[in-house]
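Inspection log for the structure reproduced underneath, given as structure tokens.
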Amino acid sequence: MKATITWFGHATFRLVLDDERVIFIDPWLSGNPACPDALKQPARCDMIFLTHGHEDHVGDVPTLVERFDPLVVGNLELCAVLEKRIGRGRYSGMNTGGTQTVDGVRVSLTQALHSSAVDSPNGPLYAGMPNGVVVAVEGLPTLYHAGDTDVFSDMKLIARLFEPRICILPIGDHFTMGARGAALAAELLQPSTILPCHFKTFPLLDQSADAFRAALSSDLKERLVVPEVGKELAWTILQPD
């Protein structure tokens with residue numbers, strides 16, 4: 001089986017490795033209006049990588065933990081809050097700048113400019129710093145999911161440290177950077193493939209990637225691949241349709 005990347009809408013992505021193991025980044029399925037019903041009950045989940053604690057990024061962690069007992073990787077405080085909230089599961093907390101290797105998958109947490117909290121009956125619970133996630137697997141292009149963030153100049157350092165070839169960037173504005181900020185992020189990162197996310201989920205967000213495409217320089221436009229929800233993409237350097 002060939003490794004694939006699939007957008008489940010909003011910021012949720014499924015990564016399938018060559019050996020068929022499945023990683024979810026920021027799984028929000030059941031309450032996600034952008035996620036089709038056919039995708040809301042995944043058949044497998046071996047690992048979960050989290051960028052931060054908001055419900056639209058961790059909403060289905062309890063269900064996936066109950067069904068599949070995946071290893072959950074994220075910020076130390078976020079993992080602690082989720083473990084207490086769910087009452088079970090396997091967690092491997094870390095922090096910004098850290099890297100760990102889990103069964104051949106190298107995962108690193110980077111800076112992100114956002115906030116992070118987990119909902120509770122008594123209000124939001126502090127869930128550590130927000131992050132981006134870098135995923136490196138031998139034989140595959142390194143992937144960077146920026147999480148919910150604004151652009152920041154240290155994205156140049158992320159490019160230098162990790163050399164991500166595939167970058168997943170939020171573009172929807174209001175809660176994250178918008179088209180101009182995301183275009184500058186792409187300029188700083190210089191990936192081979194750009195995948196936009198965190199748009200058209202709600203009326204508050206940009207409803208297409210058109211403004212993002214328009215804001216990109218001509219050479220970066222050639223690296224933009226706007227994913228379709230539910231369509232598997234080969235985990236390789238992608239070319240626009």
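Residues in the structure tokens are named by chain (A, B, ... in the order shown) and by number from 1 within that chain; ligands are numbered from 1 in the order shown.
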Next on the checklist: Report as a list in words all protein, DNA and RNA residues lying within 9 Å of segment 175-178 of chain A, evaluated on only C-alpha atoms, omitting residues in the same chain fewer than 6 positions from it.
Outcome noted: Leu113, His114, Gly147, Asp148, Thr149, Asp150, Val151, Leu169, His198, Leu204, Leu205, Asp206, Ala211 and Phe212 of chain A
Write the residues you've just listed into a file as a PDB file, in the first residue's frame, and include C-alpha atoms for each of them.
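Dumped to selection_8.pdb:
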ATOM      1  CA  LEU A 113       0.597  31.713  17.495  1.00  0.00           C
ATOM      2  CA  HIS A 114      -2.839  30.878  18.850  1.00  0.00           C
ATOM      3  CA  GLY A 147      -1.939  24.069  13.366  1.00  0.00           C
ATOM      4  CA  ASP A 148      -4.003  27.172  14.022  1.00  0.00           C
ATOM      5  CA  THR A 149      -1.585  30.052  13.723  1.00  0.00           C
ATOM      6  CA  ASP A 150      -0.706  33.433  12.363  1.00  0.00           C
ATOM      7  CA  VAL A 151       2.414  33.752  10.264  1.00  0.00           C
ATOM      8  CA  LEU A 169      -1.396  25.898   6.292  1.00  0.00           C
ATOM      9  CA  HIS A 198      -9.183  25.622   8.056  1.00  0.00           C
ATOM     10  CA  LEU A 204     -16.942  33.298   9.464  1.00  0.00           C
ATOM     11  CA  LEU A 205     -14.101  31.709   7.504  1.00  0.00           C
ATOM     12  CA  ASP A 206     -13.001  32.288   3.915  1.00  0.00           C
ATOM     13  CA  ALA A 211      -7.803  34.650  -2.210  1.00  0.00           C
ATOM     14  CA  PHE A 212      -4.916  32.518  -0.965  1.00  0.00           C
TER      15      PHE A 212
END
Could you give me, as JSON lines, a per-residue list for segment 1-62 of chain A showing, wherever an atom lies at most 7 Å from an atom of segment 117-128 of chain A, the closest pair of atoms and their distance in Å to one decimal, using only C-alpha atoms and sorting by chain then residue number from low to high?
{"residue": "A:Gly53", "atom": "CA", "partner": "A:Ala117", "partner_atom": "CA", "distance": 4.8}
{"residue": "A:His54", "atom": "CA", "partner": "A:Ala117", "partner_atom": "CA", "distance": 5.6}
{"residue": "A:Glu55", "atom": "CA", "partner": "A:Val118", "partner_atom": "CA", "distance": 6.7}
Next on the checklist: Quick one: residues within 12 Å of Ile23 of chain A, only C-alpha atoms, excluding same-chain residues fewer than 2 positions away - as a ChimeraX atom specification?
Outcome noted: /A:3-6,12-21,25-27,42-50,64,68,70-73,102-103,105,107,135,137
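When DSSP reads the backbone of this structure, the residues of segment 44-91 of chain A it assigns to strand (DSSP E or B) are Met47, Ile48, Phe49, Leu71, Val72, Val73, Gly74, Asn75, Arg90 and Tyr91 of chain A.
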Take the residues just selected and output them with N, CA and C atoms as a compact mmCIF listing (two decimals), in the first residue's frame.
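Saved result, selection-v5.txt, follows:
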# COMPACT_ATOMS: atom_id res chain seq x y z
N MET A 47 -2.34 6.23 15.78
CA MET A 47 -1.74 7.35 16.49
C MET A 47 -2.56 8.61 16.24
N ILE A 48 -2.53 9.52 17.20
CA ILE A 48 -3.16 10.83 17.08
C ILE A 48 -2.13 11.88 17.43
N PHE A 49 -1.93 12.84 16.54
CA PHE A 49 -1.05 13.97 16.81
C PHE A 49 -1.90 15.23 16.93
N LEU A 71 -1.99 5.80 20.38
CA LEU A 71 -1.09 6.65 21.15
C LEU A 71 -1.40 8.10 20.82
N VAL A 72 -1.63 8.91 21.82
CA VAL A 72 -1.95 10.33 21.63
C VAL A 72 -0.71 11.15 21.95
N VAL A 73 -0.27 11.95 20.99
CA VAL A 73 0.93 12.76 21.14
C VAL A 73 0.55 14.23 21.02
N GLY A 74 1.00 15.02 21.96
CA GLY A 74 0.72 16.45 21.92
C GLY A 74 1.42 17.15 23.08
N ASN A 75 1.09 18.41 23.26
CA ASN A 75 1.65 19.18 24.37
C ASN A 75 1.40 18.48 25.70
N ARG A 90 -3.56 6.07 26.07
CA ARG A 90 -2.10 6.10 26.09
C ARG A 90 -1.64 7.46 25.57
N TYR A 91 -0.80 8.13 26.32
CA TYR A 91 -0.41 9.50 26.00
C TYR A 91 1.11 9.63 26.07
Quick one: everything within 9 Å of Glu222 of chain A, counting only C-alpha atoms, minus sequence neighbours fewer than 6 positions away in the same chain. Send it as a tab-separated table (two decimals) with C-alpha atoms, in the first residue's frame.
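Wrote it out as selection_22.tsv, contents follow:
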chain	number	residue	atom	x	y	z
A	193	THR	CA	3.64	21.25	-1.93
A	239	GLN	CA	1.49	18.59	-8.51
A	240	PRO	CA	-1.57	20.84	-8.98
Checklist entry - Of the residues A:Ile158, A:Leu39, A:Gly172, A:Arg165, which is the one nearest to Cys197 of chain A, using only C-alpha atoms? => result A:Gly172
Next on the checklist: Show me, as an MDAnalysis selection string, the residues that have an atom within 12 Å of Gln190 of chain A when counting only C-alpha atoms, minus same-chain residues fewer than 5 positions from it.
Outcome noted: chainID A and resid 144 155:160 162:167 182:185 216:217 219:224
Item to check | Every residue of segment 7-215 of chain A that DSSP places in helix (DSSP H, G or I), as a ChimeraX atom specification | outcome: /A:37-39,55-58,61-68,76-86,155-162,179-189,210-215
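In this model, the gap between atom CA of Phe24 of chain A and atom CA of Glu187 of chain A comes to 26.6 Å.
Taking atom CA of Val134 of chain A as the reference point, atom CA of Leu109 of chain A is found at 6.4 Å.
Shortest atom-to-atom contact with Val58 of chain A among A:Leu161, A:Ala136, A:Leu189, A:Leu82: A:Leu82, counting only C-alpha atoms.
A straight line drawn from atom CA of Ser208 of chain A to atom CA of Gly181 of chain A is 15.4 Å long.
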Item to check | For His10 of chain A: contacts at 10 Å, only C-alpha atoms, fewer than 5 positions along chain excluded, given as a ChimeraX atom specification | outcome: /A:26-29,32-35,56-57,170,172,196-202,229
Can those selected residues be exported to a file as a PDB file, in the first residue's frame so that it contains C-alpha atoms?
ATOM      1  CA  ASP A  26      -6.448  17.041  15.031  1.00  0.00           C
ATOM      2  CA  PRO A  27      -9.382  14.617  14.694  1.00  0.00           C
ATOM      3  CA  TRP A  28     -12.722  16.418  14.607  1.00  0.00           C
ATOM      4  CA  LEU A  29     -15.216  14.201  12.816  1.00  0.00           C
ATOM      5  CA  ASN A  32     -17.427  18.709  11.845  1.00  0.00           C
ATOM      6  CA  PRO A  33     -19.847  20.152   9.253  1.00  0.00           C
ATOM      7  CA  ALA A  34     -17.182  19.789   6.575  1.00  0.00           C
ATOM      8  CA  CYS A  35     -16.669  16.070   7.231  1.00  0.00           C
ATOM      9  CA  ASP A  56     -12.608  21.614  16.644  1.00  0.00           C
ATOM     10  CA  HIS A  57      -9.206  19.898  16.911  1.00  0.00           C
ATOM     11  CA  PRO A 170      -4.608  27.416   7.704  1.00  0.00           C
ATOM     12  CA  GLY A 172      -9.490  30.890   6.667  1.00  0.00           C
ATOM     13  CA  PRO A 196      -4.519  24.795   2.603  1.00  0.00           C
ATOM     14  CA  CYS A 197      -6.952  23.992   5.412  1.00  0.00           C
ATOM     15  CA  HIS A 198      -9.183  25.622   8.056  1.00  0.00           C
ATOM     16  CA  PHE A 199     -11.417  27.334   5.497  1.00  0.00           C
ATOM     17  CA  LYS A 200     -15.091  27.129   4.429  1.00  0.00           C
ATOM     18  CA  THR A 201     -16.116  25.183   7.564  1.00  0.00           C
ATOM     19  CA  PHE A 202     -18.137  28.091   8.996  1.00  0.00           C
ATOM     20  CA  VAL A 229     -12.462  16.454   1.412  1.00  0.00           C
TER      21      VAL A 229
END
